[in-house]
$ cat run_24.cif   # mmCIF, C-alpha atoms
data_protein
#
loop_
_atom_site.label_atom_id
_atom_site.label_comp_id
_atom_site.auth_asym_id
_atom_site.auth_seq_id
_atom_site.Cartn_x
_atom_site.Cartn_y
_atom_site.Cartn_z
CA MET A 1 -6.17 -6.94 -5.92
CA ASN A 2 -6.02 -3.58 -7.68
CA LEU A 3 -7.90 -1.77 -10.46
CA ILE A 4 -5.66 -3.29 -13.14
CA ASN A 5 -6.51 -6.82 -11.96
CA LEU A 6 -10.19 -5.96 -11.66
CA GLY A 7 -10.17 -4.36 -15.11
CA SER A 8 -8.82 -7.57 -16.59
CA LEU A 9 -11.57 -9.56 -14.87
CA VAL A 10 -14.21 -7.11 -16.16
CA HIS A 11 -12.82 -7.38 -19.70
CA ASP A 12 -12.79 -11.18 -19.64
CA ARG A 13 -16.26 -11.46 -18.12
CA ARG A 14 -17.74 -8.84 -20.48
CA ARG A 15 -16.47 -10.77 -23.49
CA GLU A 16 -17.54 -14.09 -21.98
CA ILE A 17 -21.15 -12.92 -21.73
CA GLY A 18 -21.11 -11.22 -25.12
CA LEU A 19 -21.38 -7.57 -24.13
CA SER A 20 -19.77 -4.68 -25.95
CA GLN A 21 -18.16 -1.92 -23.92
CA ASP A 22 -20.97 0.36 -25.05
CA ARG A 23 -23.72 -2.03 -23.89
CA LEU A 24 -21.98 -2.64 -20.55
CA ALA A 25 -21.65 1.10 -20.07
CA LYS A 26 -25.38 1.56 -20.64
CA LEU A 27 -26.29 -1.30 -18.33
CA SER A 28 -23.99 -0.08 -15.55
CA GLY A 29 -24.66 3.64 -15.85
CA LEU A 30 -20.98 4.31 -16.54
CA SER A 31 -19.48 5.84 -19.66
CA ARG A 32 -17.93 3.68 -22.35
CA ALA A 33 -14.69 5.59 -21.79
CA THR A 34 -14.73 4.56 -18.11
CA ILE A 35 -15.26 0.90 -19.05
CA ASN A 36 -12.43 1.14 -21.60
CA GLN A 37 -10.06 2.80 -19.13
CA LEU A 38 -10.86 0.20 -16.48
CA GLU A 39 -10.26 -2.67 -18.90
CA THR A 40 -7.01 -1.22 -20.25
CA GLY A 41 -5.64 -0.33 -16.82
CA THR A 42 -5.48 3.41 -17.48
CA ILE A 43 -8.16 4.50 -15.03
CA HIS A 44 -6.81 6.26 -11.96
CA GLU A 45 -9.88 6.21 -9.74
CA LEU A 46 -13.30 4.61 -9.75
CA GLY A 47 -15.52 5.03 -6.72
CA ALA A 48 -16.26 1.96 -4.64
CA ALA A 49 -20.04 2.14 -5.20
CA LYS A 50 -19.60 2.34 -8.98
CA LEU A 51 -17.05 -0.46 -9.03
CA ILE A 52 -19.10 -2.75 -6.78
CA GLY A 53 -22.21 -2.07 -8.89
CA LEU A 54 -20.33 -2.96 -12.08
CA LEU A 55 -18.85 -6.12 -10.58
CA ASP A 56 -22.25 -7.16 -9.22
CA LEU A 57 -23.81 -6.63 -12.65
CA LEU A 58 -21.19 -8.91 -14.19
CA GLY A 59 -21.45 -11.53 -11.44
CA ILE A 60 -17.93 -10.90 -10.20
CA THR A 61 -17.34 -11.09 -6.47
CA VAL A 62 -14.40 -9.70 -4.58
CA GLU A 63 -13.62 -11.06 -1.15
CA ALA A 64 -12.48 -8.52 1.40
CA LYS A 65 -10.32 -10.03 4.08
CA HIS A 66 -7.46 -9.12 6.36
CA THR A 67 -4.15 -9.89 4.75
CA HIS A 68 -1.04 -10.58 6.70
CA HIS A 69 1.85 -8.36 5.85
CA HIS A 70 5.24 -9.75 5.03
CA ARG A 71 6.55 -11.78 7.91
CA ASN A 72 9.84 -9.96 8.02
CA ALA A 73 8.55 -6.48 7.21
CA LEU A 74 10.93 -4.87 9.69
CA GLU A 75 13.93 -6.57 8.08
CA LEU A 76 12.71 -5.69 4.58
CA VAL A 77 12.17 -2.04 5.57
CA SER A 78 15.69 -1.93 7.00
CA GLN A 79 17.10 -3.37 3.78
CA THR A 80 15.12 -0.89 1.67
CA ALA A 81 16.49 1.98 3.74
CA SER A 82 20.04 0.71 3.25
CA VAL A 83 20.12 0.24 -0.52
CA SER A 84 21.95 3.51 -1.26
CA TYR A 85 24.36 3.37 1.67
CA LYS A 86 27.53 1.46 2.54
CA SER A 87 26.30 0.70 6.05
CA THR A 88 23.08 -1.15 6.69
CA LEU A 89 20.33 -0.09 9.03
CA ASP A 90 20.11 -2.65 11.81
CA SER A 91 16.48 -3.71 12.16
CA ALA A 92 16.72 -4.27 15.92
CA GLU A 93 18.23 -0.83 16.40
CA LEU A 94 15.50 0.70 14.24
CA ALA A 95 12.80 -1.05 16.25
CA SER A 96 14.28 0.04 19.56
CA ALA A 97 14.63 3.63 18.38
CA LEU A 98 11.04 3.69 17.14
CA VAL A 99 9.78 2.43 20.48
CA LYS A 100 11.78 5.10 22.32
CA GLY A 101 10.97 7.77 19.77
CA GLU A 102 14.55 8.99 19.64
CA LEU A 103 16.17 9.16 16.20
CA PRO A 104 19.94 8.63 16.50
CA ALA A 105 21.93 10.97 14.25
CA HIS A 106 23.71 8.13 12.44
CA MET A 107 20.33 6.75 11.36
CA LEU A 108 19.03 10.02 9.85
CA PRO A 109 19.88 9.29 6.19
CA HIS A 110 18.56 5.73 6.38
CA VAL A 111 15.33 6.83 8.05
CA ALA A 112 14.84 9.60 5.49
CA THR A 113 15.18 7.02 2.72
CA LEU A 114 12.89 4.60 4.53
CA LEU A 115 10.14 7.19 5.01
CA ASP A 116 10.39 8.52 1.46
CA GLU A 117 10.85 5.30 -0.50
CA ALA A 118 9.86 2.15 1.39
CA PRO A 119 6.55 0.64 0.25
CA LEU A 120 3.84 1.75 2.66
CA PRO A 121 2.52 -1.80 3.24
CA LEU A 122 6.01 -2.76 4.46
CA ILE A 123 6.09 0.20 6.84
CA VAL A 124 2.65 -0.77 8.17
CA GLY A 125 3.86 -4.34 8.67
CA ALA A 126 7.05 -3.17 10.39
CA VAL A 127 5.09 -0.98 12.80
CA GLN A 128 2.84 -3.93 13.59
CA GLU A 129 5.86 -6.20 14.18
CA ILE A 130 7.54 -3.66 16.45
CA ALA A 131 4.38 -3.03 18.46
CA THR A 132 3.87 -6.77 18.96
CA ALA A 133 7.50 -7.53 19.79
CA TYR A 134 7.83 -4.69 22.29
CA LYS A 135 4.28 -4.95 23.65
CA GLN A 136 3.64 -1.34 22.68
CA SER A 137 0.59 0.38 21.31
CA PRO A 138 0.85 0.71 17.53
CA LYS A 139 -0.41 4.29 18.00
CA SER A 140 2.70 5.19 19.96
CA ILE A 141 4.92 3.76 17.21
CA TRP A 142 2.95 5.72 14.57
CA ARG A 143 3.38 8.92 16.60
CA ASN A 144 7.13 8.35 16.50
CA VAL A 145 7.05 7.64 12.77
CA SER A 146 5.21 10.94 12.23
CA LYS A 147 7.66 12.76 14.48
CA TRP A 148 10.60 11.33 12.55
CA ALA A 149 8.99 12.25 9.22
CA ALA A 150 8.80 15.86 10.36
CA GLN A 151 12.34 15.68 11.69
CA VAL A 152 13.79 14.45 8.37
CA GLN A 153 11.44 16.75 6.42
CA SER A 154 9.92 13.96 4.40
CA ASP A 155 7.73 15.24 1.61
CA ARG A 156 5.81 11.98 1.21
CA ALA A 157 2.09 12.72 1.34
CA ALA A 158 1.48 9.90 3.84
CA TRP A 159 3.33 11.85 6.53
CA ALA A 160 1.76 15.26 5.92
#
$ encode --input "run_24.cif" --output "structure tokens"
Amino acid sequence: MNLINLGSLVHDRRREIGLSQDRLAKLSGLSRATINQLETGTIHELGAAKLIGLLDLLGITVEAKHTHHHRNALELVSQTASVSYKSTLDSAELASALVKGELPAHMLPHVATLLDEAPLPLIVGAVQEIATAYKQSPKSIWRNVSKWAAQVQSDRAAWA
């Protein structure tokens, strides 16, 4: 669930209980502009305490639970890294290289694309899959990911 989904729930619930944006703002201690931005999906950030307070006021609960990443995250990451290239990045070769920490030269462009463009939840899932399959510490895989990001000079903020 994200802020856009939550904003839609807030909008629906606010209308269901007959509150204007202005009245909800006063009740919650937020500005009317914040309520409007949340409901229209244009808000970029709303602190957890403020959001939880607003949801509690409206009687909306959000369940926090561990989600399982895509089952084939490693395969999906390999496919994502291969979209712009004739050759495909072999997922088993990627996994083995990440365990060893050595980035083969022929994989450089694919890995650069992977680190810059693959959805982060897929990368997290792939690291988890590799660590489980190779009975390695996820921390060691993450160290290698960070090393590779520096090696390919990725400018993605996640690797800074």
$ closest_residue --input "run_24.cif" --among "A:Ile17, A:Ala95, A:Val145, A:Ala157" --to "A:Thr132" --atoms "only C-alpha atoms"
A:Ala95
$ atom_distance --input "run_24.cif" --atom1 "atom CA of A:Ile123" --atom2 "atom CA of A:Ser137"
15.5 Å
$ resolve_selection --input "run_24.cif" --expression "the PyMOL selection byres ((chain A and resi 54-60) around 10)" --output "list of chain:residue names"
A:Leu6, A:Gly7, A:Leu9, A:Val10, A:Arg13, A:Arg14, A:Ile17, A:Leu24, A:Ala25, A:Leu27, A:Ser28, A:Gly29, A:Leu30, A:Ile35, A:Ala48, A:Ala49, A:Lys50, A:Leu51, A:Ile52, A:Gly53, A:Thr61, A:Val62
$ write_last_selection --input "run_24.cif" --atoms "C-alpha atoms" --output "mmCIF file, in the coordinates of the input"
data_model
loop_
_atom_site.group_PDB
_atom_site.id
_atom_site.type_symbol
_atom_site.label_atom_id
_atom_site.label_comp_id
_atom_site.auth_asym_id
_atom_site.auth_seq_id
_atom_site.Cartn_x
_atom_site.Cartn_y
_atom_site.Cartn_z
ATOM 1 C CA LEU A 6 -10.190 -5.960 -11.660
ATOM 2 C CA GLY A 7 -10.170 -4.360 -15.110
ATOM 3 C CA LEU A 9 -11.570 -9.560 -14.870
ATOM 4 C CA VAL A 10 -14.210 -7.110 -16.160
ATOM 5 C CA ARG A 13 -16.260 -11.460 -18.120
ATOM 6 C CA ARG A 14 -17.740 -8.840 -20.480
ATOM 7 C CA ILE A 17 -21.150 -12.920 -21.730
ATOM 8 C CA LEU A 24 -21.980 -2.640 -20.550
ATOM 9 C CA ALA A 25 -21.650 1.100 -20.070
ATOM 10 C CA LEU A 27 -26.290 -1.300 -18.330
ATOM 11 C CA SER A 28 -23.990 -0.080 -15.550
ATOM 12 C CA GLY A 29 -24.660 3.640 -15.850
ATOM 13 C CA LEU A 30 -20.980 4.310 -16.540
ATOM 14 C CA ILE A 35 -15.260 0.900 -19.050
ATOM 15 C CA ALA A 48 -16.260 1.960 -4.640
ATOM 16 C CA ALA A 49 -20.040 2.140 -5.200
ATOM 17 C CA LYS A 50 -19.600 2.340 -8.980
ATOM 18 C CA LEU A 51 -17.050 -0.460 -9.030
ATOM 19 C CA ILE A 52 -19.100 -2.750 -6.780
ATOM 20 C CA GLY A 53 -22.210 -2.070 -8.890
ATOM 21 C CA THR A 61 -17.340 -11.090 -6.470
ATOM 22 C CA VAL A 62 -14.400 -9.700 -4.580
#
$ resolve_selection --input "run_24.cif" --expression "the PyMOL selection byres ((chain A and resi 124) around 10)" --output "list of chain:residue names"
A:His69, A:His70, A:Ala73, A:Leu74, A:Val77, A:Pro119, A:Leu120, A:Pro121, A:Leu122, A:Ile123, A:Gly125, A:Ala126, A:Val127, A:Gln128, A:Glu129, A:Pro138, A:Trp142
$ resolve_selection --input "run_24.cif" --expression "the PyMOL selection byres ((chain A and resi 143) around 12)" --output "VMD selection string"
chain A and resid 98 to 102 127 136 to 142 144 to 150 159
$ atom_distance --input "run_24.cif" --atom1 "atom CA of A:Leu38" --atom2 "atom CA of A:Gly18"
17.6 Å
